[in-house]
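See below for upload-v8.txt, which holds compact mmCIF, C-alpha atoms.
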```
# COMPACT_ATOMS: atom_id res chain seq x y z
CA PRO A 1 -49.42 55.24 -33.96
CA ILE A 2 -46.45 56.41 -31.91
CA PRO A 3 -43.23 54.52 -32.76
CA MET A 4 -40.93 54.27 -29.74
CA GLU A 5 -37.28 54.70 -30.65
CA PRO A 6 -34.67 53.25 -28.25
CA ARG A 7 -33.64 55.89 -25.73
CA LYS A 8 -32.60 56.21 -22.14
CA ALA A 9 -35.39 56.10 -19.58
CA SER A 10 -35.59 57.32 -16.03
CA PRO A 11 -35.80 55.23 -12.90
CA ALA A 12 -39.20 55.01 -11.27
CA LYS A 13 -40.41 57.80 -9.04
CA ASP A 14 -42.14 56.97 -5.78
CA GLY A 15 -44.82 59.60 -5.36
CA PRO A 16 -48.47 60.45 -5.90
CA SER A 17 -47.86 62.22 -9.19
CA GLY A 18 -47.23 58.95 -11.00
CA PHE A 19 -44.65 58.28 -13.69
CA MET A 20 -42.17 61.01 -14.50
CA SER A 21 -39.82 60.79 -17.45
CA GLU A 22 -38.20 64.22 -17.60
CA GLU A 23 -34.97 63.00 -16.02
CA ARG A 24 -32.75 60.55 -17.89
CA VAL A 25 -30.02 58.45 -16.33
CA ASP A 26 -26.87 56.82 -17.63
CA ASP A 27 -27.26 53.64 -15.60
CA ASP A 28 -28.82 51.00 -17.84
CA ILE A 29 -29.91 48.74 -14.97
CA VAL A 30 -32.44 50.19 -12.54
CA LYS A 31 -31.56 48.99 -9.03
CA GLU A 32 -34.72 49.79 -7.06
CA GLU A 33 -36.18 46.79 -5.24
CA LYS A 34 -39.68 48.18 -5.71
CA ALA A 35 -41.12 51.32 -7.26
CA PHE A 36 -44.59 52.75 -7.70
CA PHE A 37 -45.97 54.72 -10.62
CA GLY A 38 -49.06 56.29 -9.08
CA ALA A 39 -49.61 52.96 -7.38
CA VAL A 40 -52.41 51.87 -5.05
CA ARG A 41 -52.03 52.75 -1.40
CA PRO A 42 -53.62 50.52 1.25
CA ASP A 43 -55.64 53.32 2.86
CA GLU A 44 -57.43 54.43 -0.31
CA PRO A 45 -61.23 54.11 -0.64
CA LEU A 46 -62.88 51.17 -2.40
CA ILE A 47 -65.19 51.50 -5.37
CA GLU A 48 -67.27 49.03 -7.38
CA TYR A 49 -66.54 48.28 -11.03
CA ALA A 50 -68.93 47.01 -13.70
CA PRO A 51 -67.47 44.17 -15.82
CA VAL A 52 -64.94 45.58 -18.27
CA GLN A 53 -62.53 43.95 -20.69
CA SER A 54 -59.49 46.06 -19.86
CA THR A 55 -57.94 48.16 -17.14
CA ASP A 56 -55.79 51.25 -16.64
CA GLN A 57 -53.67 49.61 -13.91
CA VAL A 58 -50.93 47.12 -14.69
CA LEU A 59 -48.00 45.39 -13.00
CA LEU A 60 -44.63 44.99 -14.71
CA ILE A 61 -41.33 43.41 -13.67
CA SER A 62 -38.25 45.25 -14.88
CA PRO A 63 -35.84 42.71 -16.48
CA THR A 64 -32.93 43.59 -14.18
CA ALA A 65 -31.87 39.91 -13.99
CA PHE A 66 -33.12 38.83 -17.41
CA GLY A 67 -31.64 35.76 -19.06
CA TYR A 68 -32.24 32.99 -21.56
CA ASN A 69 -34.24 30.17 -19.96
CA PRO A 70 -33.35 26.81 -21.60
CA GLU A 71 -36.09 24.98 -19.69
CA ALA A 72 -38.78 27.26 -21.12
CA ALA A 73 -37.25 27.01 -24.59
CA LYS A 74 -38.09 23.30 -24.81
CA ASP A 75 -41.64 24.10 -25.96
CA ASN A 76 -41.36 27.82 -26.77
CA ARG A 77 -40.23 27.92 -30.40
CA PHE A 78 -39.94 31.72 -30.33
CA MET A 79 -36.89 31.70 -28.05
CA HIS A 80 -33.27 31.92 -29.24
CA ALA A 81 -30.27 31.11 -27.06
CA VAL A 82 -27.52 33.61 -26.27
CA ASP A 83 -23.94 32.92 -25.27
CA GLU A 84 -22.85 33.71 -21.72
CA GLY A 85 -20.53 36.39 -23.06
CA GLU A 86 -23.46 38.17 -24.70
CA LEU A 87 -25.62 38.32 -21.57
CA GLU A 88 -24.52 41.75 -20.35
CA THR A 89 -25.16 43.32 -23.76
CA VAL A 90 -28.48 41.53 -24.11
CA ARG A 91 -29.57 42.62 -20.64
CA LYS A 92 -28.81 46.26 -21.42
CA LYS A 93 -30.91 45.99 -24.58
CA VAL A 94 -33.88 44.42 -22.84
CA MET A 95 -33.70 46.99 -20.05
CA ARG A 96 -33.84 49.79 -22.60
CA GLU A 97 -36.74 48.14 -24.43
CA HIS A 98 -38.68 47.53 -21.23
CA GLU A 99 -38.10 51.07 -19.98
CA ASN A 100 -39.62 52.34 -23.22
CA LEU A 101 -42.64 50.07 -22.69
CA VAL A 102 -43.08 51.41 -19.15
CA ASP A 103 -42.70 54.95 -20.47
CA LEU A 104 -45.35 54.36 -23.13
CA LEU A 105 -47.80 53.01 -20.58
CA GLY A 106 -47.10 55.16 -17.56
CA ASN A 107 -45.73 58.52 -18.68
CA GLN A 108 -48.21 61.01 -17.22
CA LYS A 109 -47.58 63.33 -20.17
CA GLY A 110 -47.97 60.53 -22.71
CA PRO A 111 -50.97 59.21 -24.66
CA LEU A 112 -52.02 56.47 -22.21
CA ARG A 113 -51.13 57.77 -18.70
CA MET A 114 -51.83 54.48 -16.99
CA THR A 115 -50.92 53.45 -13.46
CA VAL A 116 -47.91 51.14 -13.61
CA HIS A 117 -46.89 49.10 -10.56
CA LEU A 118 -43.22 48.39 -11.23
CA PHE A 119 -40.98 45.83 -9.50
CA ASP A 120 -37.59 44.40 -10.37
CA HIS A 121 -35.79 41.11 -9.68
CA LYS A 122 -32.29 39.96 -8.74
CA GLU A 123 -29.89 37.24 -9.85
CA SER A 124 -30.43 35.62 -6.44
CA HIS A 125 -34.12 35.12 -7.27
CA GLY A 126 -33.18 32.71 -10.07
CA THR A 127 -35.99 33.98 -12.30
CA PRO A 128 -34.70 34.75 -15.82
CA ASP A 129 -38.27 35.00 -17.20
CA ALA A 130 -39.65 37.30 -14.49
CA VAL A 131 -40.29 39.99 -17.13
CA PHE A 132 -43.41 37.94 -18.04
CA PRO A 133 -45.53 38.20 -14.84
CA ASN A 134 -48.91 37.46 -16.42
CA ASN A 135 -48.23 33.71 -16.31
CA TRP A 136 -48.29 33.16 -12.55
CA PHE A 137 -51.20 35.33 -11.42
CA SER A 138 -54.29 37.15 -12.64
CA THR A 139 -56.76 39.48 -10.99
CA ALA A 140 -60.43 40.34 -11.12
CA PRO A 141 -62.22 42.74 -8.76
CA ASP A 142 -61.83 41.09 -5.33
CA VAL A 143 -60.39 37.84 -6.82
CA LEU A 144 -56.73 36.85 -7.10
CA ASN A 145 -55.74 33.68 -8.98
CA PHE A 146 -52.38 31.90 -8.66
CA TYR A 147 -51.42 29.40 -11.36
CA PRO A 148 -49.29 26.24 -11.62
CA MET A 149 -46.21 26.73 -13.81
CA LYS A 150 -44.53 24.04 -15.88
CA ASN A 151 -40.91 25.13 -15.37
CA GLU A 152 -39.54 24.96 -11.82
CA ASN A 153 -37.49 28.14 -12.07
CA ARG A 154 -40.57 30.06 -13.19
CA ARG A 155 -42.37 29.02 -9.99
CA LYS A 156 -39.83 31.13 -8.09
CA GLU A 157 -41.43 34.21 -9.65
CA ARG A 158 -44.14 33.93 -6.98
CA ARG A 159 -42.05 35.92 -4.54
CA LYS A 160 -43.36 36.62 -1.06
CA ASP A 161 -43.18 40.40 -1.49
CA LEU A 162 -45.18 40.27 -4.72
CA VAL A 163 -47.75 37.85 -3.33
CA THR A 164 -48.24 40.06 -0.27
CA TYR A 165 -48.57 43.15 -2.44
CA LEU A 166 -51.23 41.51 -4.61
CA ASP A 167 -53.06 39.88 -1.73
CA ARG A 168 -53.97 43.20 -0.14
CA MET A 169 -55.88 44.17 -3.30
CA SER A 170 -58.27 41.21 -3.16
CA GLU A 171 -60.72 39.58 -0.80
CA CYS A 172 -60.69 36.09 -2.36
CA THR A 173 -57.73 33.97 -3.50
CA ILE A 174 -57.94 30.94 -5.79
CA ASP A 175 -54.64 29.06 -5.60
CA LEU A 176 -54.08 26.20 -8.07
CA THR A 177 -50.33 25.94 -7.55
CA TYR A 178 -50.74 22.60 -5.71
CA GLU A 179 -51.28 21.08 -9.15
CA GLU A 180 -47.51 21.34 -9.68
CA GLU A 181 -47.07 18.54 -7.15
CA THR A 182 -49.83 16.16 -8.28
CA ASP A 183 -49.11 12.92 -10.17
CA PRO A 184 -49.20 13.69 -12.98
CA PRO A 185 -48.81 17.45 -12.57
CA ARG A 186 -51.14 19.80 -14.43
CA PHE A 187 -50.32 23.30 -15.57
CA LEU A 188 -52.26 26.43 -16.46
CA GLU A 189 -50.09 29.48 -16.94
CA GLY A 190 -52.31 32.46 -16.20
CA THR A 191 -53.37 34.76 -19.00
CA GLY A 192 -50.78 33.10 -21.19
CA SER A 193 -52.94 29.98 -21.18
CA LEU A 194 -56.27 31.76 -20.70
CA VAL A 195 -57.31 34.52 -23.11
CA LEU A 196 -60.27 36.04 -21.32
CA ASP A 197 -63.46 37.66 -22.49
CA ARG A 198 -64.01 39.34 -19.13
CA VAL A 199 -67.32 40.95 -20.04
CA ASN A 200 -69.06 37.76 -21.20
CA ARG A 201 -67.00 35.46 -18.92
CA VAL A 202 -65.61 33.22 -21.64
CA ALA A 203 -62.07 31.80 -21.40
CA TYR A 204 -60.29 30.61 -24.55
CA VAL A 205 -57.61 27.93 -24.10
CA ALA A 206 -55.24 26.39 -26.65
CA ILE A 207 -54.31 23.00 -25.20
CA SER A 208 -50.57 22.44 -24.70
CA GLU A 209 -48.09 21.16 -22.11
CA ARG A 210 -48.60 24.45 -20.28
CA SER A 211 -52.39 24.57 -20.63
CA ASP A 212 -54.25 21.52 -19.34
CA LYS A 213 -57.83 21.21 -20.59
CA GLY A 214 -59.23 19.63 -17.43
CA LEU A 215 -57.57 22.18 -15.20
CA ALA A 216 -58.84 25.01 -17.39
CA GLU A 217 -62.37 23.67 -16.99
CA HIS A 218 -61.87 23.44 -13.22
CA TRP A 219 -60.64 27.05 -13.21
CA GLY A 220 -63.75 28.00 -15.21
CA LYS A 221 -66.05 26.50 -12.60
CA LEU A 222 -64.24 28.29 -9.77
CA ASN A 223 -64.30 31.63 -11.57
CA LYS A 224 -67.70 31.18 -13.26
CA TYR A 225 -66.37 31.25 -16.81
CA GLU A 226 -67.38 29.22 -19.83
CA VAL A 227 -64.26 27.57 -21.27
CA VAL A 228 -63.70 27.22 -25.02
CA SER A 229 -60.79 24.81 -25.60
CA PHE A 230 -59.12 23.92 -28.88
CA ASP A 231 -55.82 22.88 -30.49
CA ALA A 232 -53.55 25.51 -32.01
CA LYS A 233 -50.47 24.46 -34.00
CA ASP A 234 -47.46 26.31 -35.37
CA ARG A 235 -46.17 25.90 -38.91
CA ASN A 236 -44.37 22.67 -37.90
CA GLY A 237 -47.53 21.14 -36.46
CA ASP A 238 -46.39 21.55 -32.85
CA PRO A 239 -48.75 22.91 -30.18
CA ILE A 240 -48.44 26.65 -29.63
CA TYR A 241 -47.17 26.98 -26.09
CA HIS A 242 -49.51 29.79 -24.97
CA THR A 243 -52.94 30.86 -26.18
CA ASN A 244 -52.04 34.54 -26.04
CA VAL A 245 -49.52 34.02 -28.84
CA MET A 246 -52.30 33.16 -31.31
CA MET A 247 -55.22 35.31 -30.15
CA SER A 248 -56.13 38.49 -28.31
CA ILE A 249 -59.53 39.84 -27.28
CA GLY A 250 -60.57 43.45 -26.88
CA THR A 251 -63.88 45.07 -26.03
CA GLU A 252 -65.02 45.23 -29.64
CA ALA A 253 -62.41 43.39 -31.72
CA ALA A 254 -60.32 40.23 -31.52
CA LEU A 255 -57.17 39.13 -33.34
CA VAL A 256 -56.94 35.40 -34.11
CA CYS A 257 -54.40 33.40 -36.07
CA LYS A 258 -56.72 31.43 -38.31
CA ASP A 259 -53.80 29.53 -39.86
CA SER A 260 -53.06 27.88 -36.50
CA LEU A 261 -56.52 26.28 -36.20
CA SER A 262 -58.27 23.39 -37.89
CA THR A 263 -61.48 24.16 -39.75
CA GLU A 264 -63.49 22.75 -36.85
CA ASP A 265 -61.64 24.73 -34.20
CA TRP A 266 -61.77 27.92 -36.27
CA GLU A 267 -65.54 27.55 -36.45
CA LYS A 268 -65.72 27.00 -32.70
CA VAL A 269 -63.57 30.00 -31.81
CA SER A 270 -64.88 32.41 -34.44
CA SER A 271 -68.54 31.66 -33.74
CA SER A 272 -68.02 32.18 -30.01
CA LEU A 273 -66.32 35.52 -30.62
CA THR A 274 -68.94 36.63 -33.14
CA ASN A 275 -71.78 35.62 -30.83
CA THR A 276 -70.32 37.87 -28.14
CA GLY A 277 -70.15 40.83 -30.51
CA ARG A 278 -66.49 40.80 -31.56
CA ILE A 279 -65.16 41.84 -34.94
CA ILE A 280 -62.41 39.34 -35.87
CA VAL A 281 -59.16 40.39 -37.51
CA GLU A 282 -57.70 37.25 -39.07
CA ILE A 283 -53.95 36.94 -38.51
CA THR A 284 -51.67 34.84 -40.71
CA MET A 285 -49.04 32.40 -39.47
CA GLU A 286 -46.28 34.81 -40.51
CA GLN A 287 -47.92 37.66 -38.60
CA MET A 288 -48.38 35.46 -35.54
CA GLU A 289 -44.66 34.67 -35.65
CA CYS A 290 -44.12 38.44 -35.43
CA PHE A 291 -46.25 38.46 -32.22
CA ALA A 292 -49.19 40.22 -33.90
CA CYS A 293 -51.61 38.47 -31.53
CA ASN A 294 -49.47 39.02 -28.43
CA CYS A 295 -50.96 42.48 -27.96
CA LEU A 296 -53.20 43.85 -25.23
CA GLU A 297 -56.15 46.19 -24.90
CA VAL A 298 -55.61 48.69 -22.08
CA ARG A 299 -57.58 51.69 -20.81
CA ASN A 300 -56.05 55.09 -21.34
CA TRP A 301 -56.40 58.12 -19.09
CA LYS A 302 -59.88 58.72 -20.56
CA LEU A 303 -60.77 55.12 -19.60
CA VAL A 304 -61.21 54.36 -23.30
CA PRO A 305 -59.76 51.14 -24.80
CA ALA A 306 -56.47 51.45 -26.68
CA LEU A 307 -54.28 48.73 -28.20
CA VAL A 308 -50.60 48.16 -27.30
CA MET A 309 -48.25 45.89 -29.27
CA SER A 310 -44.62 45.59 -30.30
CA THR A 311 -43.20 47.44 -33.27
CA ARG A 312 -42.44 44.12 -34.96
CA ALA A 313 -46.08 43.11 -34.55
CA TYR A 314 -47.35 46.47 -35.80
CA ARG A 315 -45.17 46.40 -38.91
CA SER A 316 -46.38 42.89 -39.77
CA LEU A 317 -49.99 44.04 -40.09
CA ARG A 318 -51.51 45.07 -43.41
CA GLU A 319 -53.12 48.46 -43.79
CA ASP A 320 -56.61 46.95 -44.11
CA GLN A 321 -56.11 45.14 -40.80
CA LEU A 322 -54.89 48.32 -39.12
CA GLU A 323 -57.88 50.23 -40.43
CA VAL A 324 -60.25 47.76 -38.78
CA LEU A 325 -58.34 47.99 -35.51
CA ARG A 326 -58.36 51.79 -35.59
CA GLU A 327 -62.15 51.71 -35.81
CA HIS A 328 -62.37 49.78 -32.52
CA PHE A 329 -59.51 51.20 -30.42
CA ASP A 330 -58.62 54.73 -29.37
CA GLY A 331 -55.20 54.44 -30.93
CA ILE A 332 -52.69 51.68 -31.67
CA TYR A 333 -49.40 52.15 -29.81
CA HIS A 334 -46.24 50.16 -30.34
CA VAL A 335 -42.78 49.84 -28.83
CA ASP A 336 -39.66 48.00 -29.97
CA LEU A 337 -39.21 44.79 -27.94
CA THR A 338 -37.07 42.90 -30.44
CA THR A 339 -34.54 41.52 -27.94
CA ILE A 340 -37.15 40.53 -25.39
CA GLU A 341 -39.06 38.76 -28.16
CA ASP A 342 -36.02 36.99 -29.65
CA VAL A 343 -34.45 35.81 -26.39
CA GLY A 344 -37.43 35.61 -24.04
CA GLY A 345 -39.98 34.35 -26.56
CA GLY A 346 -42.73 36.76 -25.48
CA SER A 347 -43.93 40.22 -26.41
CA VAL A 348 -46.06 43.07 -25.07
CA ARG A 349 -48.94 41.03 -23.70
CA CYS A 350 -46.57 38.68 -21.88
CA CYS A 351 -44.85 41.64 -20.20
CA ILE A 352 -48.07 43.10 -18.76
CA ALA A 353 -50.08 41.72 -15.86
CA GLU A 354 -53.43 43.50 -15.57
CA LEU A 355 -54.69 44.70 -12.20
CA PHE A 356 -58.46 44.75 -11.86
CA VAL A 357 -58.68 46.19 -8.38
CA ARG A 358 -61.35 48.01 -6.39
CA ARG A 359 -59.06 50.73 -5.14
CA VAL A 360 -58.63 54.21 -6.56
CA SER A 361 -55.11 55.42 -7.35
CA HIS A 362 -53.91 59.01 -7.01
CA ARG A 363 -52.79 60.52 -10.30
CA GLY A 364 -51.62 63.95 -9.14
```
Before anything else, please render the file you have as structure tokens.
Amino acid sequence: PIPMEPRKASPAKDGPSGFMSEERVDDDIVKEEKAFFGAVRPDEPLIEYAPVQSTDQVLLISPTAFGYNPEAAKDNRFMHAVDEGELETVRKKVMREHENLVDLLGNQKGPLRMTVHLFDHKESHGTPDAVFPNNWFSTAPDVLNFYPMKNENRRKERRKDLVTYLDRMSECTIDLTYEEETDPPRFLEGTGSLVLDRVNRVAYVAISERSDKGLAEHWGKLNKYEVVSFDAKDRNGDPIYHTNVMMSIGTEAALVCKDSLSTEDWEKVSSSLTNTGRIIVEITMEQMECFACNCLEVRNWKLVPALVMSTRAYRSLREDQLEVLREHFDGIYHVDLTTIEDVGGGSVRCCIAELFVRRVSHRG
């Protein structure tokens, strides 16, 4: 494992050679409106992909206008408020943490060497949670899904420039955002609500205010996925706001917080995972609260699955659990996201939106 100590990171470089981290800057807030790390160009050739669980292309939003979101905190028990006077200091911390995450993923001299599509946001956008882009869209080869969001200010994250950028990578769009205006409204917040087994086309959903069971089943029909729904509760007996807080699925292994499930739901979830060939690493409630399940399998430069998580999550795991994970991933990599976790209520998986696209990117 490579621990990532806080350090200054460079602004993004727009060029075919991908991410470059040799230069360091003093400015803590990156001001670029949009930047590409070896990103897809519209004139590149198309290729076909076989079904895979993970990808080597991701989209991230730099937290240049990050803030505490009191509306989201109503059902996200992981969030902690900050005073207005602390915001500038907090924002500098989250920028440094996020830059280290981008560096871990996209540094072309690092262990993963992925393609990172990096955007930022502004105060004028009114999107304090924009650092978590996986909630409002998801991709599959040729398919782009847009999702209905519970909090009104989070709906603003679907910016026109981002939608246009994503739209050119797909041939089919499934847009469920109209559900925000129905009576009553229904919500399904992307791969926060849906933890996907992309190879076997099974979607796991923990029912909550942000994850409607009926809408998940409708999404399953549209995308040709079987939906496994269940109830997941925190230590106070309240619904866990997003499924990806209590489980994560990789190509060969899955992490699941058994303590959050009833005996019946544990049997349902574990049997489904076992039947599709997954080894299950059982996560405790305490480890879940350290975001141990809010991790993500990615593909490294060798196109081999690796696991990315926060340092807090990594340190919560026992050695026997890590040994199992090491058997099924080409490395476990972690980065310190303590401030993002404490104030934003999300961790590594929430910060990464996967891009399953049919285009080839230049790597230089």
At a cut-off of 10 Å, can you tabulate as a tab-separated table every residue of range 168-206 of chain A near range 271-274 of chain A together with its closest atom pair and the distance in Å to one decimal, using only C-alpha atoms and ordering rows by chain then number?
```
residue	atom	partner	partner_atom	distance
A:Asp197	CA	A:Leu273	CA	8.9
A:Val202	CA	A:Ser272	CA	8.8
A:Tyr204	CA	A:Ser272	CA	9.6
```
Keeping C-alpha atoms, export the residues of the selection given above as a JSON list (two decimals), in the frame of the given file.
```
[["chain", "number", "residue", "atom", "x", "y", "z"],
["A", 197, "ASP", "CA", -63.46, 37.66, -22.49],
["A", 202, "VAL", "CA", -65.61, 33.22, -21.64],
["A", 204, "TYR", "CA", -60.29, 30.61, -24.55]]
```
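The interatomic distance for the pair CA of Val357 in chain A and CA of Val116 in chain A works out to 13.0 Å.
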Exercise for review: Give the answer as one residue: which of A:Ile249, A:Ile207, A:Leu176, A:Val131 has the shortest atom-to-atom distance to Val298 in chain A, using only C-alpha atoms?
Suggested key: A:Ile249
**Study point:** Among the residues A:Val90, A:Leu118, A:Ala140, A:Met246, the one that comes closest to Gly192 in chain A [using only C-alpha atoms]
**Key:**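 Answer, going by the shortest atom-to-atom distance: A:Met246.
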Show me a table, sorted first by chain and then by increasing residue number, of the residues of range 117-198 of chain A having an atom at most 7 Å from range 210-215 of chain A, each with its shortest atom pair and the distance in Å to one decimal, counting all atoms listed in the file and written as JSON lines.
```
{"residue": "A:Lys150", "atom": "CA", "partner": "A:Arg210", "partner_atom": "CA", "distance": 6.0}
{"residue": "A:Arg186", "atom": "CA", "partner": "A:Asp212", "partner_atom": "CA", "distance": 6.1}
{"residue": "A:Phe187", "atom": "CA", "partner": "A:Arg210", "partner_atom": "CA", "distance": 5.1}
{"residue": "A:Leu188", "atom": "CA", "partner": "A:Ser211", "partner_atom": "CA", "distance": 4.6}
{"residue": "A:Glu189", "atom": "CA", "partner": "A:Arg210", "partner_atom": "CA", "distance": 6.2}
{"residue": "A:Ser193", "atom": "CA", "partner": "A:Ser211", "partner_atom": "CA", "distance": 5.5}
```
Practice item. For CA of Val195 in chain A and CA of Thr55 in chain A, quote the distance in Å rounded to one decimal. Key: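 CA of Val195 in chain A sits 14.9 Å away from CA of Thr55 in chain A.
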